[in-house]
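What follows is my_file.txt (compact mmCIF, C-alpha atoms and all ligand atoms).
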# COMPACT_ATOMS: atom_id res chain seq x y z
CA MET A 1 0.00 0.00 0.00
CA LEU A 2 2.65 2.52 1.09
CA GLU A 3 6.38 2.11 0.46
CA ILE A 4 8.67 4.79 1.81
CA ASN A 5 12.19 4.32 0.54
CA ASN A 6 15.25 6.08 1.96
CA LEU A 7 13.31 9.33 2.17
CA HIS A 8 15.34 12.47 2.81
CA ALA A 9 13.65 15.85 3.10
CA ARG A 10 14.50 19.30 4.20
CA VAL A 11 12.70 22.41 5.32
CA GLU A 12 14.42 25.62 4.41
CA ASP A 13 18.10 24.72 4.78
CA LYS A 14 17.69 22.09 7.41
CA GLU A 15 17.69 18.38 6.63
CA ILE A 16 14.96 16.86 8.78
CA LEU A 17 14.31 13.40 7.32
CA LYS A 18 17.55 11.51 6.88
CA GLY A 19 16.60 8.25 5.26
CA VAL A 20 13.20 6.92 6.32
CA THR A 21 12.33 3.47 5.00
CA LEU A 22 8.97 1.92 5.83
CA SER A 23 6.64 -0.56 4.19
CA ILE A 24 2.94 -0.68 5.04
CA LYS A 25 0.74 -3.41 3.62
CA ALA A 26 -3.03 -3.46 3.26
CA GLY A 27 -4.68 -4.53 6.51
CA GLU A 28 -1.93 -3.11 8.71
CA VAL A 29 -1.80 -0.34 11.29
CA HIS A 30 1.64 1.15 11.94
CA ALA A 31 2.35 3.60 14.74
CA ILE A 32 5.16 6.11 14.59
CA MET A 33 6.34 7.41 17.92
CA GLY A 34 9.33 9.51 18.83
CA PRO A 35 10.54 12.51 20.76
CA ASN A 36 9.52 16.08 19.98
CA GLY A 37 11.21 17.45 16.91
CA SER A 38 12.22 14.05 15.55
CA GLY A 39 10.51 14.68 12.20
CA LYS A 40 7.15 12.94 12.65
CA SER A 41 5.05 15.84 11.40
CA THR A 42 7.57 16.53 8.64
CA LEU A 43 7.08 12.97 7.42
CA SER A 44 3.27 13.42 7.39
CA HIS A 45 3.57 16.75 5.59
CA VAL A 46 5.90 15.37 2.93
CA LEU A 47 3.49 12.47 2.30
CA ALA A 48 0.65 15.01 2.08
CA GLY A 49 2.53 17.11 -0.46
CA ARG A 50 2.55 20.24 1.63
CA GLU A 51 4.50 23.17 0.26
CA GLY A 52 7.84 24.13 1.72
CA TYR A 53 9.25 20.62 2.00
CA GLU A 54 11.96 19.57 -0.38
CA VAL A 55 12.58 15.89 -0.98
CA THR A 56 16.32 15.56 -1.56
CA LYS A 57 16.63 11.80 -1.88
CA GLY A 58 14.52 8.66 -1.91
CA GLY A 59 10.75 8.59 -2.36
CA ALA A 60 7.39 7.04 -1.58
CA THR A 61 4.89 5.03 -3.57
CA PHE A 62 1.19 4.41 -2.95
CA GLN A 63 -0.15 1.26 -4.60
CA GLY A 64 2.88 1.32 -6.87
CA GLN A 65 2.36 4.93 -8.01
CA ASP A 66 4.86 7.68 -7.25
CA LEU A 67 3.00 9.34 -4.39
CA LEU A 68 5.25 12.38 -4.19
CA ALA A 69 4.69 13.21 -7.87
CA MET A 70 0.92 13.36 -7.40
CA GLU A 71 -0.89 16.66 -6.73
CA PRO A 72 -2.42 16.77 -3.23
CA GLU A 73 -5.94 16.58 -4.77
CA ALA A 74 -4.92 13.52 -6.77
CA ARG A 75 -3.64 11.88 -3.59
CA ALA A 76 -7.03 12.40 -1.97
CA ALA A 77 -8.89 11.11 -5.02
CA ALA A 78 -6.68 8.02 -5.09
CA GLY A 79 -7.72 7.27 -1.52
CA VAL A 80 -5.06 8.81 0.69
CA PHE A 81 -6.37 10.65 3.73
CA LEU A 82 -4.19 12.98 5.76
CA GLY A 83 -5.25 14.17 9.15
CA PHE A 84 -3.26 16.83 10.89
CA GLN A 85 -2.12 17.85 14.31
CA TYR A 86 -3.64 21.29 13.72
CA PRO A 87 -6.68 20.93 11.43
CA VAL A 88 -7.33 24.01 9.29
CA GLU A 89 -10.28 26.30 9.79
CA ILE A 90 -12.29 27.41 6.76
CA PRO A 91 -14.55 30.17 8.08
CA GLY A 92 -17.66 30.81 6.00
CA VAL A 93 -17.66 27.40 4.34
CA THR A 94 -20.08 25.08 6.10
CA ASN A 95 -18.97 21.64 7.12
CA LEU A 96 -21.83 20.13 5.12
CA TYR A 97 -20.81 21.94 1.95
CA PHE A 98 -17.16 21.06 2.47
CA LEU A 99 -17.83 17.35 3.01
CA LYS A 100 -20.16 17.16 0.01
CA ALA A 101 -17.67 18.97 -2.24
CA ALA A 102 -14.81 16.74 -1.06
CA LEU A 103 -16.78 13.53 -1.58
CA ASN A 104 -18.12 14.57 -4.98
CA ALA A 105 -14.67 15.66 -6.17
CA GLN A 106 -13.40 12.22 -5.24
CA ARG A 107 -16.33 10.48 -6.95
CA LYS A 108 -15.89 12.57 -10.07
CA THR A 109 -12.21 11.68 -10.38
CA ARG A 110 -13.17 8.04 -10.08
CA GLY A 111 -15.87 8.38 -12.71
CA ASP A 112 -18.75 7.90 -10.24
CA LYS A 113 -21.95 9.93 -10.27
CA GLU A 114 -22.36 12.75 -7.74
CA LEU A 115 -24.61 11.93 -4.79
CA ASP A 116 -27.78 13.99 -4.73
CA ALA A 117 -28.49 16.24 -1.76
CA ALA A 118 -30.88 13.87 0.03
CA ASP A 119 -28.66 10.81 -0.36
CA PHE A 120 -25.66 12.76 0.80
CA LEU A 121 -27.45 14.09 3.86
CA ALA A 122 -28.50 10.60 4.92
CA TYR A 123 -24.96 9.33 4.32
CA VAL A 124 -23.33 12.08 6.35
CA LYS A 125 -25.86 12.09 9.21
CA GLN A 126 -25.22 8.43 9.88
CA ARG A 127 -21.51 9.21 10.27
CA VAL A 128 -22.14 12.28 12.44
CA LYS A 129 -24.07 9.98 14.75
CA GLN A 130 -21.25 7.46 14.71
CA MET A 131 -18.85 10.22 15.88
CA GLN A 132 -21.36 11.29 18.56
CA MET A 133 -21.43 14.79 17.14
CA ASP A 134 -24.31 17.25 17.04
CA VAL A 135 -25.83 17.53 13.53
CA LYS A 136 -25.82 21.31 14.01
CA MET A 137 -22.06 21.28 13.45
CA LEU A 138 -22.76 20.45 9.81
CA HIS A 139 -24.00 23.99 9.39
CA ARG A 140 -21.08 25.71 11.06
CA GLY A 141 -17.94 26.92 9.29
CA VAL A 142 -15.35 24.15 8.91
CA ASN A 143 -13.62 23.94 12.30
CA GLU A 144 -14.60 27.55 12.97
CA ASP A 145 -14.60 28.07 16.74
CA PHE A 146 -14.48 24.30 17.22
CA SER A 147 -12.72 23.12 20.37
CA GLY A 148 -9.58 21.00 19.95
CA GLY A 149 -11.61 17.85 20.61
CA GLU A 150 -14.34 18.85 18.14
CA LYS A 151 -11.75 19.44 15.43
CA LYS A 152 -10.34 15.96 15.93
CA ARG A 153 -13.79 14.37 15.81
CA ASN A 154 -14.52 16.40 12.71
CA GLU A 155 -11.34 15.15 11.10
CA ILE A 156 -12.37 11.55 11.71
CA LEU A 157 -15.83 12.41 10.36
CA GLN A 158 -14.19 13.66 7.16
CA MET A 159 -12.33 10.37 6.99
CA LEU A 160 -15.50 8.30 7.47
CA VAL A 161 -17.20 10.28 4.71
CA LEU A 162 -14.32 9.88 2.25
CA GLN A 163 -13.62 6.19 3.03
CA PRO A 164 -9.90 6.31 2.15
CA LYS A 165 -7.63 3.32 1.59
CA LEU A 166 -4.60 4.78 3.31
CA MET A 167 -4.89 6.96 6.40
CA ILE A 168 -2.05 9.05 7.73
CA LEU A 169 -3.01 10.62 11.04
CA ASP A 170 -0.70 13.01 12.85
CA GLU A 171 -1.39 13.34 16.59
CA THR A 172 -5.08 12.76 16.24
CA ASP A 173 -5.10 12.08 19.97
CA SER A 174 -3.58 15.34 21.15
CA GLY A 175 -5.90 17.41 23.31
CA LEU A 176 -8.62 14.78 23.57
CA ASP A 177 -10.37 13.89 26.79
CA ILE A 178 -10.99 10.20 27.47
CA ASP A 179 -14.52 10.16 25.99
CA ALA A 180 -13.44 11.90 22.79
CA LEU A 181 -10.39 9.64 22.55
CA LYS A 182 -12.69 6.64 22.67
CA VAL A 183 -14.98 8.01 19.94
CA VAL A 184 -12.06 8.99 17.72
CA SER A 185 -10.46 5.56 18.23
CA ASP A 186 -13.73 3.82 17.38
CA GLY A 187 -13.84 5.87 14.17
CA ILE A 188 -10.32 4.81 13.24
CA ASN A 189 -11.07 1.20 14.11
CA ALA A 190 -14.23 1.30 11.98
CA MET A 191 -11.99 2.05 8.99
CA ARG A 192 -9.78 -0.96 9.65
CA SER A 193 -10.14 -3.72 7.13
CA LYS A 194 -8.04 -6.04 5.02
CA ASP A 195 -8.13 -3.39 2.27
CA THR A 196 -7.07 -0.33 4.27
CA ALA A 197 -3.88 0.71 5.99
CA THR A 198 -3.10 3.30 8.64
CA LEU A 199 -0.05 5.25 9.70
CA LEU A 200 -0.68 6.66 13.14
CA VAL A 201 1.68 9.31 14.47
CA THR A 202 1.46 9.72 18.21
CA HIS A 203 3.43 10.90 21.21
CA TYR A 204 1.71 8.70 23.73
CA GLN A 205 0.86 5.09 24.20
CA ARG A 206 -2.67 6.00 25.32
CA LEU A 207 -4.22 6.01 21.82
CA LEU A 208 -2.58 2.66 21.13
CA ASP A 209 -4.60 1.05 23.93
CA TYR A 210 -7.67 1.70 21.78
CA VAL A 211 -6.23 1.40 18.30
CA GLN A 212 -3.89 -1.54 18.54
CA PRO A 213 -1.08 -1.26 16.03
CA ASP A 214 0.49 -4.20 14.25
CA PHE A 215 3.86 -2.45 14.22
CA VAL A 216 5.44 0.37 16.20
CA HIS A 217 8.38 2.44 14.95
CA VAL A 218 10.48 5.03 16.70
CA LEU A 219 11.55 8.03 14.67
CA ALA A 220 14.54 9.86 16.13
CA GLY A 221 16.83 12.31 14.42
CA GLY A 222 15.02 11.87 11.12
CA ARG A 223 15.42 8.08 10.94
CA ILE A 224 13.56 5.04 12.18
CA VAL A 225 15.85 3.82 14.94
CA LYS A 226 13.72 0.96 16.23
CA SER A 227 10.74 -1.12 15.12
CA GLY A 228 8.72 -3.69 16.99
CA GLY A 229 5.25 -4.88 17.90
CA PRO A 230 2.71 -3.29 20.26
CA ASP A 231 4.94 -4.13 23.23
CA LEU A 232 7.46 -1.55 22.05
CA ALA A 233 4.92 1.22 22.72
CA ARG A 234 4.48 0.04 26.29
CA GLU A 235 8.24 -0.18 26.73
CA LEU A 236 8.61 3.42 25.51
CA GLU A 237 5.90 4.59 27.88
CA GLU A 238 7.91 3.11 30.74
CA LYS A 239 11.44 3.98 29.70
CA GLY A 240 11.06 7.08 27.50
CA TYR A 241 13.21 7.54 24.42
CA GLY A 242 16.59 8.20 26.02
CA TRP A 243 17.75 4.57 25.87
CA LEU A 244 17.47 4.54 22.07
CA ALA A 245 20.45 5.93 20.25
CA ALA A 246 19.31 8.90 18.17
CA ALA A 247 21.01 8.76 14.83
P1 LIG A 301 7.80 16.21 15.42
O1 LIG A 301 6.49 16.20 14.71
O2 LIG A 301 8.43 14.87 15.50
O3 LIG A 301 7.70 16.85 16.76
P2 LIG A 301 8.60 18.03 13.31
O4 LIG A 301 8.58 17.24 12.07
O5 LIG A 301 7.45 18.94 13.58
O6 LIG A 301 8.83 17.06 14.54
O7 LIG A 301 9.94 18.91 13.34
C1 LIG A 301 11.21 18.34 13.09
C2 LIG A 301 12.24 19.44 13.07
O8 LIG A 301 12.04 20.26 11.93
C3 LIG A 301 12.22 20.37 14.26
O9 LIG A 301 13.53 20.65 14.63
C4 LIG A 301 11.51 21.58 13.73
O10 LIG A 301 11.94 22.74 14.42
C5 LIG A 301 11.94 21.60 12.29
N1 LIG A 301 10.95 22.24 11.43
C6 LIG A 301 9.72 21.77 11.14
N2 LIG A 301 9.05 22.60 10.32
C7 LIG A 301 9.89 23.63 10.07
C8 LIG A 301 9.80 24.84 9.29
N3 LIG A 301 8.70 25.13 8.60
N4 LIG A 301 10.89 25.65 9.27
C9 LIG A 301 11.99 25.35 9.96
N5 LIG A 301 12.14 24.24 10.71
C10 LIG A 301 11.12 23.40 10.77
MG MG A 302 5.93 18.11 17.67
MG MG A 303 4.55 16.70 15.21
Would you mind giving the structure from this file in structure tokens?
Amino acid sequence: MLEINNLHARVEDKEILKGVTLSIKAGEVHAIMGPNGSGKSTLSHVLAGREGYEVTKGGATFQGQDLLAMEPEARAAAGVFLGFQYPVEIPGVTNLYFLKAALNAQRKTRGDKELDAADFLAYVKQRVKQMQMDVKMLHRGVNEDFSGGEKKRNEILQMLVLQPKLMILDETDSGLDIDALKVVSDGINAMRSKDTATLLVTHYQRLLDYVQPDFVHVLAGGRIVKSGGPDLARELEEKGYGWLAAA
């Protein structure tokens, strides 16, 4: 599903990613942990195609296609979903409009018919309920004056609407209380199947109690310095990162 091969990237003049190699197959959930400033968000941003990041070496493919050569919109249409630590606000554009436009853009690229208004509303309401959100939020500006927790729920709602194949989620757990964490985790788990894959970036083990990863990797100094199973996350929670040699 996702192959990251010796990826090097820099921001401005600073090399941040120094050779990340990672292979994620359909059906798998991989967690990336690591100290502050190790390059976790940079990795998510590079995979998302955000401006300002220069890939200097290596690359990444999604289902065999050169992911980094695709426009961000094409990535979304192909089934890549990117959720961010700080979701953007789009004041004046209602959530409902945004979700409908995003879904229809994806359907159009795939050659599917647009959903009509009534079908879309039924489709989205079911998912709003699943995320235990108030339907009124569909009529508010995208993330406008949403609390941190509401933004994260909204992000998972977007994901449930778009039904991606590959999910890359950067600190989806940050700022969530226990109840919201549970709802967000249930949303992520609902997307798990033999045909989907997830890359979960997180600081803490807490999320991984709810969304159990198949593999855990530690990113330090721009490289993956250790990989293991779910036990590695528990070990990190106990011992911190200091015992791992940062490259
Ligand atoms: P993490 O998500 O693991 O905490 P980041 O990927 O956000 O780490 O940051 C990795 C390093 O890159 C940090 O030293 C950070 O200061 C630097 N960095 C990230 N974005 C920028 C930027 N836009 N300009 C300059 N330095 C940046
Ligand atoms: Mg950080
Ligand atoms: Mg980060």
Give me the residues within 7 Å of Leu47 in chain A as a short mmCIF file (atom, residue, chain, number, x, y, z; two decimals) with C-alpha atoms, keeping the file's coordinate frame, counting all atoms listed in the file and dropping any in the same chain fewer than 3 places off.
data_model
loop_
_atom_site.label_atom_id
_atom_site.label_comp_id
_atom_site.auth_asym_id
_atom_site.auth_seq_id
_atom_site.Cartn_x
_atom_site.Cartn_y
_atom_site.Cartn_z
CA LEU A 43 7.08 12.97 7.42
CA SER A 44 3.27 13.42 7.39
CA LEU A 68 5.25 12.38 -4.19
#
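Inspection of the environment of ligand MG 303 (chain A), which uses all atoms listed in the file and a cut-off of 12 Å, identifies the neighbouring residues as Ile32, Met33, Gly34, Pro35, Asn36, Gly37, Ser38, Gly39, Lys40, Ser41, Thr42, Leu43, Ser44, His45, Gly83, Phe84, Gln85, Tyr86, Leu169, Asp170, Glu171, Thr172, Asp173, Ser174, Leu200, Val201, Thr202, His203 and Leu219 of chain A.
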Can you tell me, as JSON, the centre and edge lengths (Å, one decimal) of the axis-aligned box enclosing all of ligand LIG 301 (chain A)'s listed atoms after padding each side by 4 Å?
{"center_x": 10.0, "center_y": 20.3, "center_z": 12.7, "size_x": 15.0, "size_y": 18.8, "size_z": 16.2}
Problem set entry | Contacts of Ile168 in chain A within 6 Å, only C-alpha atoms, excl. fewer than 4 positions in-chain, as a ChimeraX atom specification | /A:82,198-199
For this session: Could you tell me which of A:Leu2, A:Ala233, A:Ile178, A:Val46 comes closest to ligand LIG 301 (chain A) if we count all atoms listed in the file?
Result: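 Residue with the minimum atom-to-atom distance to ligand LIG 301 (chain A): A:Val46.
Proximity of A:Gly79, A:Gly229, A:Gly52, A:Gly58 to Leu160 in chain A, computed with all atoms listed in the file, is greatest for A:Gly79.
When only C-alpha atoms are used to compute distances to Lys108 in chain A, the closest of the residues A:Asn5, A:Glu73, A:Met167, A:Ser23 turns out to be A:Glu73.
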Problem set entry | Shell around range 132-147 of chain A at 12 Å using all atoms listed in the file, local window under 4 positions removed, as a ChimeraX atom specification | /A:86-100,121-122,124-128,151-158,175-177,179-184,186-187
Problem set entry | Distance of CA of Glu54 in chain A from CA of Leu7 in chain A, expressed in Å to one decimal place |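 The value is 10.6 Å.
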Problem set entry | For Arg234 in chain A: contacts at 12 Å, all atoms listed in the file, fewer than 2 positions along chain excluded, given as a list in words | Met33, Tyr204, Gln205, Arg206, Leu207, Leu208, Asp209, Gln212, Pro213, Val216, Gly228, Gly229, Pro230, Asp231, Leu232, Leu236, Glu237, Glu238, Lys239, Gly240 and Tyr241 of chain A
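When only C-alpha atoms are used to compute distances to Gln63 in chain A, the closest of the residues A:Ile224, A:Leu166, A:Ile188, A:Val20 turns out to be A:Leu166.
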Problem set entry | d(CA of Leu22 in chain A, CA of Gln106 in chain A) in Å | 27.0 Å
Report as a compact mmCIF listing (two decimals) with C-alpha atoms, in the frame of the given file all protein, DNA and RNA residues lying within 12 Å of Ala77 in chain A, evaluated on only C-alpha atoms, omitting residues in the same chain fewer than 3 positions from it.
# COMPACT_ATOMS: atom_id res chain seq x y z
CA MET A 70 0.92 13.36 -7.40
CA GLU A 71 -0.89 16.66 -6.73
CA PRO A 72 -2.42 16.77 -3.23
CA GLU A 73 -5.94 16.58 -4.77
CA ALA A 74 -4.92 13.52 -6.77
CA VAL A 80 -5.06 8.81 0.69
CA PHE A 81 -6.37 10.65 3.73
CA LEU A 82 -4.19 12.98 5.76
CA ALA A 102 -14.81 16.74 -1.06
CA LEU A 103 -16.78 13.53 -1.58
CA ASN A 104 -18.12 14.57 -4.98
CA ALA A 105 -14.67 15.66 -6.17
CA GLN A 106 -13.40 12.22 -5.24
CA ARG A 107 -16.33 10.48 -6.95
CA LYS A 108 -15.89 12.57 -10.07
CA THR A 109 -12.21 11.68 -10.38
CA ARG A 110 -13.17 8.04 -10.08
CA GLY A 111 -15.87 8.38 -12.71
CA ASP A 112 -18.75 7.90 -10.24
CA LEU A 162 -14.32 9.88 2.25
CA GLN A 163 -13.62 6.19 3.03
CA PRO A 164 -9.90 6.31 2.15
CA LYS A 165 -7.63 3.32 1.59
CA LEU A 166 -4.60 4.78 3.31
For this session: For CA of Tyr53 in chain A and CA of Glu3 in chain A, determine how far apart the two atoms are, in Å to one decimal place.
Result: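 So the two atoms, CA of Tyr53 in chain A and CA of Glu3 in chain A, lie 18.8 Å apart.
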Exercise. Between A:Gly149, A:Gln130, A:Ser185, A:Thr56, which one has atoms that come closest to Ile16 in chain A, using all atoms listed in the file?
Worked result: A:Thr56
For this session: Pick out the closest residue to ligand LIG 301 (chain A) from this set: A:Val211, A:Val225, A:Ala26, A:Val218. Count all atoms listed in the file.
Result: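 Using all atoms listed in the file, ligand LIG 301 (chain A) sits closest to A:Val218.
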Complete the atoms of range 50-75 of chain A to N, CA, C and O atoms and put them out as a PDB file, keeping the file's coordinate frame.
ATOM      1  N   ARG A  50       2.615  18.860   1.185  1.00  0.00           N
ATOM      2  CA  ARG A  50       2.550  20.240   1.630  1.00  0.00           C
ATOM      3  C   ARG A  50       3.713  21.052   1.085  1.00  0.00           C
ATOM      4  O   ARG A  50       4.823  20.529   0.947  1.00  0.00           O
ATOM      5  N   GLU A  51       3.441  22.312   0.798  1.00  0.00           N
ATOM      6  CA  GLU A  51       4.500  23.170   0.260  1.00  0.00           C
ATOM      7  C   GLU A  51       5.563  23.465   1.300  1.00  0.00           C
ATOM      8  O   GLU A  51       5.292  23.448   2.495  1.00  0.00           O
ATOM      9  N   GLY A  52       6.770  23.730   0.805  1.00  0.00           N
ATOM     10  CA  GLY A  52       7.840  24.130   1.720  1.00  0.00           C
ATOM     11  C   GLY A  52       8.758  22.990   2.120  1.00  0.00           C
ATOM     12  O   GLY A  52       9.751  23.203   2.803  1.00  0.00           O
ATOM     13  N   TYR A  53       8.405  21.766   1.677  1.00  0.00           N
ATOM     14  CA  TYR A  53       9.250  20.620   2.000  1.00  0.00           C
ATOM     15  C   TYR A  53       9.925  20.132   0.737  1.00  0.00           C
ATOM     16  O   TYR A  53       9.268  19.880  -0.268  1.00  0.00           O
ATOM     17  N   GLU A  54      11.233  20.007   0.794  1.00  0.00           N
ATOM     18  CA  GLU A  54      11.960  19.570  -0.380  1.00  0.00           C
ATOM     19  C   GLU A  54      12.483  18.158  -0.165  1.00  0.00           C
ATOM     20  O   GLU A  54      13.218  17.890   0.792  1.00  0.00           O
ATOM     21  N   VAL A  55      12.073  17.261  -1.050  1.00  0.00           N
ATOM     22  CA  VAL A  55      12.580  15.890  -0.980  1.00  0.00           C
ATOM     23  C   VAL A  55      13.929  15.881  -1.694  1.00  0.00           C
ATOM     24  O   VAL A  55      14.018  16.242  -2.861  1.00  0.00           O
ATOM     25  N   THR A  56      14.977  15.493  -0.984  1.00  0.00           N
ATOM     26  CA  THR A  56      16.320  15.560  -1.560  1.00  0.00           C
ATOM     27  C   THR A  56      16.828  14.205  -2.019  1.00  0.00           C
ATOM     28  O   THR A  56      17.780  14.121  -2.785  1.00  0.00           O
ATOM     29  N   LYS A  57      16.184  13.148  -1.540  1.00  0.00           N
ATOM     30  CA  LYS A  57      16.630  11.800  -1.880  1.00  0.00           C
ATOM     31  C   LYS A  57      15.537  10.811  -1.527  1.00  0.00           C
ATOM     32  O   LYS A  57      14.756  11.068  -0.606  1.00  0.00           O
ATOM     33  N   GLY A  58      15.487   9.690  -2.233  1.00  0.00           N
ATOM     34  CA  GLY A  58      14.520   8.660  -1.910  1.00  0.00           C
ATOM     35  C   GLY A  58      13.119   9.037  -2.363  1.00  0.00           C
ATOM     36  O   GLY A  58      12.938  10.003  -3.115  1.00  0.00           O
ATOM     37  N   GLY A  59      12.103   8.292  -1.925  1.00  0.00           N
ATOM     38  CA  GLY A  59      10.750   8.590  -2.360  1.00  0.00           C
ATOM     39  C   GLY A  59       9.711   7.747  -1.641  1.00  0.00           C
ATOM     40  O   GLY A  59      10.012   7.075  -0.652  1.00  0.00           O
ATOM     41  N   ALA A  60       8.485   7.802  -2.170  1.00  0.00           N
ATOM     42  CA  ALA A  60       7.390   7.040  -1.580  1.00  0.00           C
ATOM     43  C   ALA A  60       6.392   6.662  -2.673  1.00  0.00           C
ATOM     44  O   ALA A  60       6.088   7.485  -3.543  1.00  0.00           O
ATOM     45  N   THR A  61       5.915   5.448  -2.619  1.00  0.00           N
ATOM     46  CA  THR A  61       4.890   5.030  -3.570  1.00  0.00           C
ATOM     47  C   THR A  61       3.628   4.597  -2.828  1.00  0.00           C
ATOM     48  O   THR A  61       3.700   4.071  -1.711  1.00  0.00           O
ATOM     49  N   PHE A  62       2.481   4.857  -3.461  1.00  0.00           N
ATOM     50  CA  PHE A  62       1.190   4.410  -2.950  1.00  0.00           C
ATOM     51  C   PHE A  62       0.589   3.499  -4.013  1.00  0.00           C
ATOM     52  O   PHE A  62       0.400   3.909  -5.154  1.00  0.00           O
ATOM     53  N   GLN A  63       0.346   2.266  -3.667  1.00  0.00           N
ATOM     54  CA  GLN A  63      -0.150   1.260  -4.600  1.00  0.00           C
ATOM     55  C   GLN A  63       0.669   1.264  -5.907  1.00  0.00           C
ATOM     56  O   GLN A  63       0.119   1.218  -7.003  1.00  0.00           O
ATOM     57  N   GLY A  64       1.976   1.398  -5.737  1.00  0.00           N
ATOM     58  CA  GLY A  64       2.880   1.320  -6.870  1.00  0.00           C
ATOM     59  C   GLY A  64       3.070   2.633  -7.642  1.00  0.00           C
ATOM     60  O   GLY A  64       3.944   2.733  -8.493  1.00  0.00           O
ATOM     61  N   GLN A  65       2.250   3.632  -7.323  1.00  0.00           N
ATOM     62  CA  GLN A  65       2.360   4.930  -8.010  1.00  0.00           C
ATOM     63  C   GLN A  65       3.287   5.843  -7.219  1.00  0.00           C
ATOM     64  O   GLN A  65       3.299   5.787  -5.981  1.00  0.00           O
ATOM     65  N   ASP A  66       3.985   6.717  -7.913  1.00  0.00           N
ATOM     66  CA  ASP A  66       4.860   7.680  -7.250  1.00  0.00           C
ATOM     67  C   ASP A  66       4.001   8.697  -6.494  1.00  0.00           C
ATOM     68  O   ASP A  66       3.450   9.625  -7.086  1.00  0.00           O
ATOM     69  N   LEU A  67       3.882   8.502  -5.198  1.00  0.00           N
ATOM     70  CA  LEU A  67       3.000   9.340  -4.390  1.00  0.00           C
ATOM     71  C   LEU A  67       3.438  10.799  -4.396  1.00  0.00           C
ATOM     72  O   LEU A  67       2.618  11.715  -4.487  1.00  0.00           O
ATOM     73  N   LEU A  68       4.745  11.014  -4.323  1.00  0.00           N
ATOM     74  CA  LEU A  68       5.250  12.380  -4.190  1.00  0.00           C
ATOM     75  C   LEU A  68       5.097  13.194  -5.475  1.00  0.00           C
ATOM     76  O   LEU A  68       5.153  14.412  -5.447  1.00  0.00           O
ATOM     77  N   ALA A  69       4.882  12.496  -6.592  1.00  0.00           N
ATOM     78  CA  ALA A  69       4.690  13.210  -7.870  1.00  0.00           C
ATOM     79  C   ALA A  69       3.234  13.613  -8.065  1.00  0.00           C
ATOM     80  O   ALA A  69       2.916  14.394  -8.958  1.00  0.00           O
ATOM     81  N   MET A  70       2.345  13.066  -7.234  1.00  0.00           N
ATOM     82  CA  MET A  70       0.920  13.360  -7.400  1.00  0.00           C
ATOM     83  C   MET A  70       0.561  14.690  -6.740  1.00  0.00           C
ATOM     84  O   MET A  70       1.082  15.020  -5.680  1.00  0.00           O
ATOM     85  N   GLU A  71      -0.372  15.444  -7.358  1.00  0.00           N
ATOM     86  CA  GLU A  71      -0.890  16.660  -6.730  1.00  0.00           C
ATOM     87  C   GLU A  71      -1.654  16.249  -5.467  1.00  0.00           C
ATOM     88  O   GLU A  71      -2.233  15.154  -5.430  1.00  0.00           O
ATOM     89  N   PRO A  72      -1.684  17.116  -4.455  1.00  0.00           N
ATOM     90  CA  PRO A  72      -2.420  16.770  -3.230  1.00  0.00           C
ATOM     91  C   PRO A  72      -3.854  16.318  -3.498  1.00  0.00           C
ATOM     92  O   PRO A  72      -4.328  15.354  -2.888  1.00  0.00           O
ATOM     93  N   GLU A  73      -4.555  16.954  -4.449  1.00  0.00           N
ATOM     94  CA  GLU A  73      -5.940  16.580  -4.770  1.00  0.00           C
ATOM     95  C   GLU A  73      -5.989  15.168  -5.358  1.00  0.00           C
ATOM     96  O   GLU A  73      -6.915  14.403  -5.094  1.00  0.00           O
ATOM     97  N   ALA A  74      -4.969  14.849  -6.161  1.00  0.00           N
ATOM     98  CA  ALA A  74      -4.920  13.520  -6.770  1.00  0.00           C
ATOM     99  C   ALA A  74      -4.656  12.458  -5.702  1.00  0.00           C
ATOM    100  O   ALA A  74      -5.172  11.337  -5.787  1.00  0.00           O
ATOM    101  N   ARG A  75      -3.887  12.813  -4.699  1.00  0.00           N
ATOM    102  CA  ARG A  75      -3.640  11.880  -3.590  1.00  0.00           C
ATOM    103  C   ARG A  75      -4.960  11.552  -2.900  1.00  0.00           C
ATOM    104  O   ARG A  75      -5.256  10.393  -2.606  1.00  0.00           O
TER     105      ARG A  75
END
